[in-house]
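Coordinates as given in structure-v8.csv (CSV, C-alpha atoms):
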chain,number,residue,atom,x,y,z
A,1,GLN,CA,0.0,0.0,0.0
A,2,VAL,CA,1.4,3.3,-1.1
A,3,GLN,CA,1.8,5.9,1.7
A,4,LEU,CA,2.8,9.5,1.2
A,5,VAL,CA,3.7,11.6,4.2
A,6,GLU,CA,4.3,15.4,3.9
A,7,SER,CA,6.3,17.5,6.3
A,8,GLY,CA,8.0,20.9,6.4
A,9,GLY,CA,5.1,23.3,6.3
A,10,GLY,CA,4.8,26.3,8.6
A,11,LEU,CA,4.6,30.1,8.9
A,12,VAL,CA,7.1,32.3,7.0
A,13,GLN,CA,7.3,35.9,6.1
A,14,ALA,CA,7.0,37.0,2.5
A,15,GLY,CA,10.3,36.6,0.7
A,16,GLY,CA,11.3,33.7,2.9
A,17,SER,CA,11.9,30.0,2.1
A,18,LEU,CA,10.5,26.6,3.1
A,19,ARG,CA,11.3,23.1,2.0
A,20,LEU,CA,8.5,20.5,1.9
A,21,SER,CA,9.3,16.8,2.0
A,22,CYS,CA,7.2,13.9,0.9
A,23,ALA,CA,8.3,10.5,2.2
A,24,ALA,CA,7.0,7.7,0.0
A,25,SER,CA,6.7,4.0,1.0
A,26,GLY,CA,4.9,0.9,0.0
A,27,ARG,CA,6.3,0.0,-3.3
A,28,THR,CA,9.0,0.8,-5.9
A,29,PHE,CA,8.6,4.2,-7.3
A,30,SER,CA,10.8,4.1,-10.4
A,31,THR,CA,7.7,4.1,-12.6
A,32,PHE,CA,6.0,6.9,-10.7
A,33,VAL,CA,5.4,10.6,-11.3
A,34,MET,CA,5.3,12.6,-8.1
A,35,GLY,CA,3.5,15.9,-7.9
A,36,TRP,CA,2.8,18.8,-5.5
A,37,PHE,CA,-0.6,20.4,-5.5
A,38,ARG,CA,-2.0,23.1,-3.3
A,39,GLN,CA,-5.4,24.4,-2.2
A,40,ALA,CA,-6.1,27.7,-0.7
A,41,PRO,CA,-9.2,28.5,1.3
A,42,GLY,CA,-12.2,29.0,-1.1
A,43,LYS,CA,-10.1,28.0,-4.1
A,44,GLU,CA,-9.8,24.9,-6.2
A,45,ARG,CA,-6.8,22.6,-5.9
A,46,GLU,CA,-4.1,23.6,-8.3
A,47,PHE,CA,-1.0,22.0,-9.8
A,48,VAL,CA,2.3,23.3,-8.5
A,49,ALA,CA,5.1,21.0,-9.7
A,50,ALA,CA,5.8,17.4,-10.8
A,51,ILE,CA,8.8,15.2,-11.3
A,52,ARG,CA,9.3,11.8,-13.1
A,53,TRP,CA,10.9,9.5,-10.6
A,54,SER,CA,12.9,7.9,-13.3
A,55,GLY,CA,14.9,10.4,-15.3
A,56,GLY,CA,14.0,13.4,-13.1
A,57,ASP,CA,12.2,15.5,-15.7
A,58,THR,CA,10.5,18.4,-13.9
A,59,TYR,CA,7.4,20.4,-14.6
A,60,TYR,CA,6.1,23.6,-13.0
A,61,ALA,CA,3.1,25.9,-12.8
A,62,TYR,CA,3.8,29.2,-14.3
A,63,SER,CA,3.1,30.9,-11.0
A,64,VAL,CA,6.0,29.2,-9.2
A,65,LYS,CA,8.5,28.7,-12.0
A,66,ASP,CA,11.9,30.1,-11.1
A,67,ARG,CA,10.9,30.3,-7.4
A,68,PHE,CA,10.1,26.6,-6.5
A,69,THR,CA,12.3,23.6,-7.2
A,70,ILE,CA,11.1,20.0,-7.1
A,71,SER,CA,13.6,17.2,-6.6
A,72,ARG,CA,13.8,13.6,-5.4
A,73,ASP,CA,16.2,11.5,-3.4
A,74,ASN,CA,16.1,7.9,-4.7
A,75,ALA,CA,17.9,6.5,-1.6
A,76,LYS,CA,15.4,8.0,0.8
A,77,ASN,CA,12.3,7.6,-1.4
A,78,THR,CA,11.6,11.3,-0.7
A,79,VAL,CA,10.4,14.1,-2.9
A,80,TYR,CA,11.2,17.7,-2.0
A,81,LEU,CA,9.7,21.1,-2.9
A,82,GLN,CA,12.1,23.9,-2.2
A,83,MET,CA,10.1,27.1,-2.1
A,84,ASN,CA,11.9,30.4,-2.3
A,85,SER,CA,10.8,34.1,-2.6
A,86,LEU,CA,7.5,33.1,-1.0
A,87,LYS,CA,4.5,35.3,-1.5
A,88,PRO,CA,1.3,35.6,0.5
A,89,GLU,CA,-0.6,34.1,-2.4
A,90,ASP,CA,1.4,30.9,-1.9
A,91,THR,CA,-0.5,30.4,1.3
A,92,ALA,CA,-2.3,27.0,1.0
A,93,VAL,CA,-2.4,23.4,2.1
A,94,TYR,CA,0.2,21.6,0.0
A,95,TYR,CA,-0.4,18.0,-1.0
A,96,CYS,CA,2.0,15.4,-2.3
A,97,ALA,CA,0.6,13.1,-4.9
A,98,GLY,CA,1.8,10.2,-7.0
A,99,ASP,CA,0.8,8.0,-9.8
A,100,VAL,CA,2.2,5.3,-12.1
A,101,ILE,CA,3.3,6.6,-15.4
A,102,GLN,CA,4.8,5.1,-18.5
A,103,THR,CA,7.8,6.6,-20.1
A,104,TRP,CA,5.8,7.5,-23.2
A,105,GLN,CA,3.0,9.2,-21.3
A,106,ARG,CA,2.8,13.0,-20.7
A,107,VAL,CA,2.9,14.2,-17.1
A,108,SER,CA,-0.6,15.3,-16.0
A,109,ARG,CA,-1.3,18.5,-14.2
A,110,ALA,CA,-4.8,17.4,-13.2
A,111,GLY,CA,-5.1,16.2,-9.7
A,112,TYR,CA,-7.8,13.6,-10.6
A,113,GLU,CA,-5.3,11.7,-12.5
A,114,TYR,CA,-3.2,11.0,-9.5
A,115,ASP,CA,-4.1,7.9,-7.4
A,116,TYR,CA,-2.1,8.5,-4.3
A,117,TRP,CA,-2.2,11.5,-1.9
A,118,GLY,CA,-0.7,12.6,1.3
A,119,GLN,CA,-2.5,14.3,4.1
A,120,GLY,CA,-1.3,17.8,3.3
A,121,THR,CA,0.8,20.3,5.1
A,122,GLN,CA,-0.1,23.9,5.8
A,123,VAL,CA,2.1,26.7,4.4
A,124,THR,CA,1.3,30.3,5.5
A,125,VAL,CA,3.1,33.3,4.1
A,126,SER,CA,2.6,36.5,6.0
A,127,SER,CA,2.9,39.9,4.3
What is this structure when it is put down as structure tokens?
Amino acid sequence: QVQLVESGGGLVQAGGSLRLSCAASGRTFSTFVMGWFRQAPGKEREFVAAIRWSGGDTYYAYSVKDRFTISRDNAKNTVYLQMNSLKPEDTAVYYCAGDVIQTWQRVSRAGYEYDYWGQGTQVTVSS
């Protein structure tokens, strides 16, 4: 059974940084794509970033590109989201998600296409 556990959220001032972690367990993840999504109060869940576990290709939402970096540590089965230059509009619950993906498939930015989800971690950016 796949389990995803996020950590690293918290309160930070605008312009600050946080690093989120997503520890994955329960199977081999070499055929997975791992994504980060976020949901702010009163808003729909939105795609933030994704990474192919095999190969490491990365994908970003336009709103976070050049500020956020997604990466993975194969030895620790952990995916990270380094968030720099944080803005108040980045405030949300951040969720780690995963799904099986073939090498020929495109990486989805739609949350409904991901089968596995963590419990979420709150990120609050004060102005």
Can you tell me which residues surround Thr31 in chain A at a distance of at most 12 Å, considering only C-alpha atoms, apart from same-chain residues fewer than 4 positions away, and format the answer as a ChimeraX atom specification?
/A:27,51-56,98-105
Closest to Asp90 in chain A among A:Val12, A:Cys22, A:Glu6, A:Val123, using only C-alpha atoms?
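Among A:Val12, A:Cys22, A:Glu6, A:Val123, it is A:Val123 that comes nearest to Asp90 in chain A.
Proximity of A:Pro41, A:Tyr59, A:Arg106, A:Tyr95 to Gly118 in chain A, computed with all atoms listed in the file, is greatest for A:Tyr95.
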Return the single residue from A:Gly42, A:Gly120, A:Gly26, A:Pro88 that is closest to Ser7 in chain A, with distances computed using all atoms listed in the file.
A:Gly120
Find the residues near Tyr94 in chain A: any atom within 9 Å, counting all atoms listed in the file, skip ones fewer than 2 places away on the same chain, and give them as a PyMOL selection string.
chain A and resi 6+9+20+36-40+48+91-92+96+119-123
Can you pull out every residue within 8 Å of Tyr60 in chain A, counting all atoms listed in the file, but drop anything in the same chain fewer than 6 positions away, and send it as a PyMOL selection string?
chain A and resi 47-50
May I have the protein, DNA and RNA residues with an atom at most 6 Å from (5.0, 10.9, -7.8), counting all atoms listed in the file in the file's coordinates, returned as a PyMOL selection string?
chain A and resi 32-35+97-99
Saved selection, atoms kept: C-alpha atoms, as a short mmCIF file (atom, residue, chain, number, x, y, z; two decimals), in the frame of the given file:
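In the end it all went to result23.cif:
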data_model
loop_
_atom_site.label_atom_id
_atom_site.label_comp_id
_atom_site.auth_asym_id
_atom_site.auth_seq_id
_atom_site.Cartn_x
_atom_site.Cartn_y
_atom_site.Cartn_z
CA PHE A 32 6.00 6.90 -10.70
CA VAL A 33 5.40 10.60 -11.30
CA MET A 34 5.30 12.60 -8.10
CA GLY A 35 3.50 15.90 -7.90
CA ALA A 97 0.60 13.10 -4.90
CA GLY A 98 1.80 10.20 -7.00
CA ASP A 99 0.80 8.00 -9.80
#
Using all atoms listed in the file and a cutoff of 9 Å, can you tell me which residues are near (14.3, 23.9, 1.4) in the file's coordinates, and write them out as a PyMOL selection string?
chain A and resi 8+17-21+69+80-84
So, with all atoms listed in the file as the atoms that count, which of A:Glu46, A:Val125, A:Arg67, A:Lys76 lies closest to Gly111 in chain A?
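Nearest candidate to Gly111 in chain A out of A:Glu46, A:Val125, A:Arg67, A:Lys76: A:Glu46.
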Work out how far apart CA of Thr28 in chain A and CA of Tyr116 in chain A are and give it in Å to one decimal.
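Rounded to one decimal, the two atoms are 13.6 Å apart.
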Could you check how far CA of Gln1 in chain A sits from CA of Val79 in chain A, in Å to one decimal?
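Between CA of Gln1 in chain A and CA of Val79 in chain A the gap is 17.8 Å.
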Quick one, how far is CA of Glu89 in chain A from CA of Gln13 in chain A?
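Distance between the two atoms: 11.7 Å.
Comparing A:Lys65, A:Lys43, A:Arg72, A:Lys87 by their smallest distance to Phe29 in chain A, the closest is A:Arg72 (using all atoms listed in the file).
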Rebuild range 81-114 of chain A so that it carries N, CA and C atoms, then output the result as a JSON list (two decimals), keeping the file's coordinate frame.
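See result03.json below for the written result:
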[["chain", "number", "residue", "atom", "x", "y", "z"],
["A", 81, "LEU", "N", 10.10, 19.85, -2.21],
["A", 81, "LEU", "CA", 9.70, 21.10, -2.90],
["A", 81, "LEU", "C", 10.36, 22.23, -2.16],
["A", 82, "GLN", "N", 11.40, 22.76, -2.77],
["A", 82, "GLN", "CA", 12.10, 23.90, -2.20],
["A", 82, "GLN", "C", 11.36, 25.17, -2.70],
["A", 83, "MET", "N", 10.88, 25.95, -1.76],
["A", 83, "MET", "CA", 10.10, 27.10, -2.10],
["A", 83, "MET", "C", 10.83, 28.38, -1.64],
["A", 84, "ASN", "N", 11.23, 29.21, -2.59],
["A", 84, "ASN", "CA", 11.90, 30.40, -2.30],
["A", 84, "ASN", "C", 11.10, 31.65, -2.71],
["A", 85, "SER", "N", 11.47, 32.81, -2.23],
["A", 85, "SER", "CA", 10.80, 34.10, -2.60],
["A", 85, "SER", "C", 9.27, 33.90, -2.39],
["A", 86, "LEU", "N", 8.88, 33.36, -1.27],
["A", 86, "LEU", "CA", 7.50, 33.10, -1.00],
["A", 86, "LEU", "C", 6.65, 34.34, -0.96],
["A", 87, "LYS", "N", 5.42, 34.23, -1.46],
["A", 87, "LYS", "CA", 4.50, 35.30, -1.50],
["A", 87, "LYS", "C", 3.23, 34.98, -0.69],
["A", 88, "PRO", "N", 2.50, 35.96, -0.21],
["A", 88, "PRO", "CA", 1.30, 35.60, 0.50],
["A", 88, "PRO", "C", 0.31, 34.78, -0.29],
["A", 89, "GLU", "N", 0.30, 34.94, -1.59],
["A", 89, "GLU", "CA", -0.60, 34.10, -2.40],
["A", 89, "GLU", "C", -0.16, 32.68, -2.53],
["A", 90, "ASP", "N", 1.00, 32.33, -1.99],
["A", 90, "ASP", "CA", 1.40, 30.90, -1.90],
["A", 90, "ASP", "C", 0.81, 30.22, -0.73],
["A", 91, "THR", "N", 0.13, 30.95, 0.13],
["A", 91, "THR", "CA", -0.50, 30.40, 1.30],
["A", 91, "THR", "C", -1.55, 29.34, 0.88],
["A", 92, "ALA", "N", -1.41, 28.11, 1.39],
["A", 92, "ALA", "CA", -2.30, 27.00, 1.00],
["A", 92, "ALA", "C", -1.92, 25.76, 1.78],
["A", 93, "VAL", "N", -2.77, 24.76, 1.69],
["A", 93, "VAL", "CA", -2.40, 23.40, 2.10],
["A", 93, "VAL", "C", -1.73, 22.76, 0.89],
["A", 94, "TYR", "N", -0.54, 22.24, 1.11],
["A", 94, "TYR", "CA", 0.20, 21.60, 0.00],
["A", 94, "TYR", "C", 0.13, 20.11, 0.16],
["A", 95, "TYR", "N", -0.18, 19.47, -0.96],
["A", 95, "TYR", "CA", -0.40, 18.00, -1.00],
["A", 95, "TYR", "C", 0.66, 17.38, -1.92],
["A", 96, "CYS", "N", 1.20, 16.27, -1.47],
["A", 96, "CYS", "CA", 2.00, 15.40, -2.30],
["A", 96, "CYS", "C", 1.14, 14.38, -2.96],
["A", 97, "ALA", "N", 1.38, 14.08, -4.22],
["A", 97, "ALA", "CA", 0.60, 13.10, -4.90],
["A", 97, "ALA", "C", 1.48, 12.25, -5.81],
["A", 98, "GLY", "N", 1.01, 11.03, -6.11],
["A", 98, "GLY", "CA", 1.80, 10.20, -7.00],
["A", 98, "GLY", "C", 0.91, 9.29, -7.83],
["A", 99, "ASP", "N", 1.49, 8.84, -8.93],
["A", 99, "ASP", "CA", 0.80, 8.00, -9.80],
["A", 99, "ASP", "C", 1.78, 7.21, -10.68],
["A", 100, "VAL", "N", 1.34, 6.06, -11.17],
["A", 100, "VAL", "CA", 2.20, 5.30, -12.10],
["A", 100, "VAL", "C", 2.13, 5.96, -13.45],
["A", 101, "ILE", "N", 3.28, 6.02, -14.11],
["A", 101, "ILE", "CA", 3.30, 6.60, -15.40],
["A", 101, "ILE", "C", 4.30, 5.87, -16.29],
["A", 102, "GLN", "N", 3.93, 5.69, -17.56],
["A", 102, "GLN", "CA", 4.80, 5.10, -18.50],
["A", 102, "GLN", "C", 5.73, 6.12, -19.11],
["A", 103, "THR", "N", 6.86, 5.68, -19.61],
["A", 103, "THR", "CA", 7.80, 6.60, -20.10],
["A", 103, "THR", "C", 7.29, 7.45, -21.30],
["A", 104, "TRP", "N", 6.34, 6.86, -22.04],
["A", 104, "TRP", "CA", 5.80, 7.50, -23.20],
["A", 104, "TRP", "C", 4.63, 8.46, -22.88],
["A", 105, "GLN", "N", 4.15, 8.41, -21.63],
["A", 105, "GLN", "CA", 3.00, 9.20, -21.30],
["A", 105, "GLN", "C", 3.43, 10.62, -20.85],
["A", 106, "ARG", "N", 2.57, 11.60, -21.12],
["A", 106, "ARG", "CA", 2.80, 13.00, -20.70],
["A", 106, "ARG", "C", 2.50, 13.06, -19.19],
["A", 107, "VAL", "N", 3.15, 13.98, -18.52],
["A", 107, "VAL", "CA", 2.90, 14.20, -17.10],
["A", 107, "VAL", "C", 1.63, 15.05, -16.96],
["A", 108, "SER", "N", 0.69, 14.57, -16.17],
["A", 108, "SER", "CA", -0.60, 15.30, -16.00],
["A", 108, "SER", "C", -0.45, 16.37, -14.94],
["A", 109, "ARG", "N", -1.16, 17.47, -15.19],
["A", 109, "ARG", "CA", -1.30, 18.50, -14.20],
["A", 109, "ARG", "C", -2.64, 18.53, -13.55],
["A", 110, "ALA", "N", -3.41, 17.49, -13.81],
["A", 110, "ALA", "CA", -4.80, 17.40, -13.20],
["A", 110, "ALA", "C", -4.72, 16.44, -12.04],
["A", 111, "GLY", "N", -5.18, 16.95, -10.93],
["A", 111, "GLY", "CA", -5.10, 16.20, -9.70],
["A", 111, "GLY", "C", -5.91, 14.87, -9.77],
["A", 112, "TYR", "N", -7.01, 14.85, -10.51],
["A", 112, "TYR", "CA", -7.80, 13.60, -10.60],
["A", 112, "TYR", "C", -7.11, 12.47, -11.21],
["A", 113, "GLU", "N", -6.01, 12.73, -11.89],
["A", 113, "GLU", "CA", -5.30, 11.70, -12.50],
["A", 113, "GLU", "C", -4.22, 11.03, -11.63],
["A", 114, "TYR", "N", -4.12, 11.53, -10.42],
["A", 114, "TYR", "CA", -3.20, 11.00, -9.50],
["A", 114, "TYR", "C", -3.92, 10.10, -8.47]]
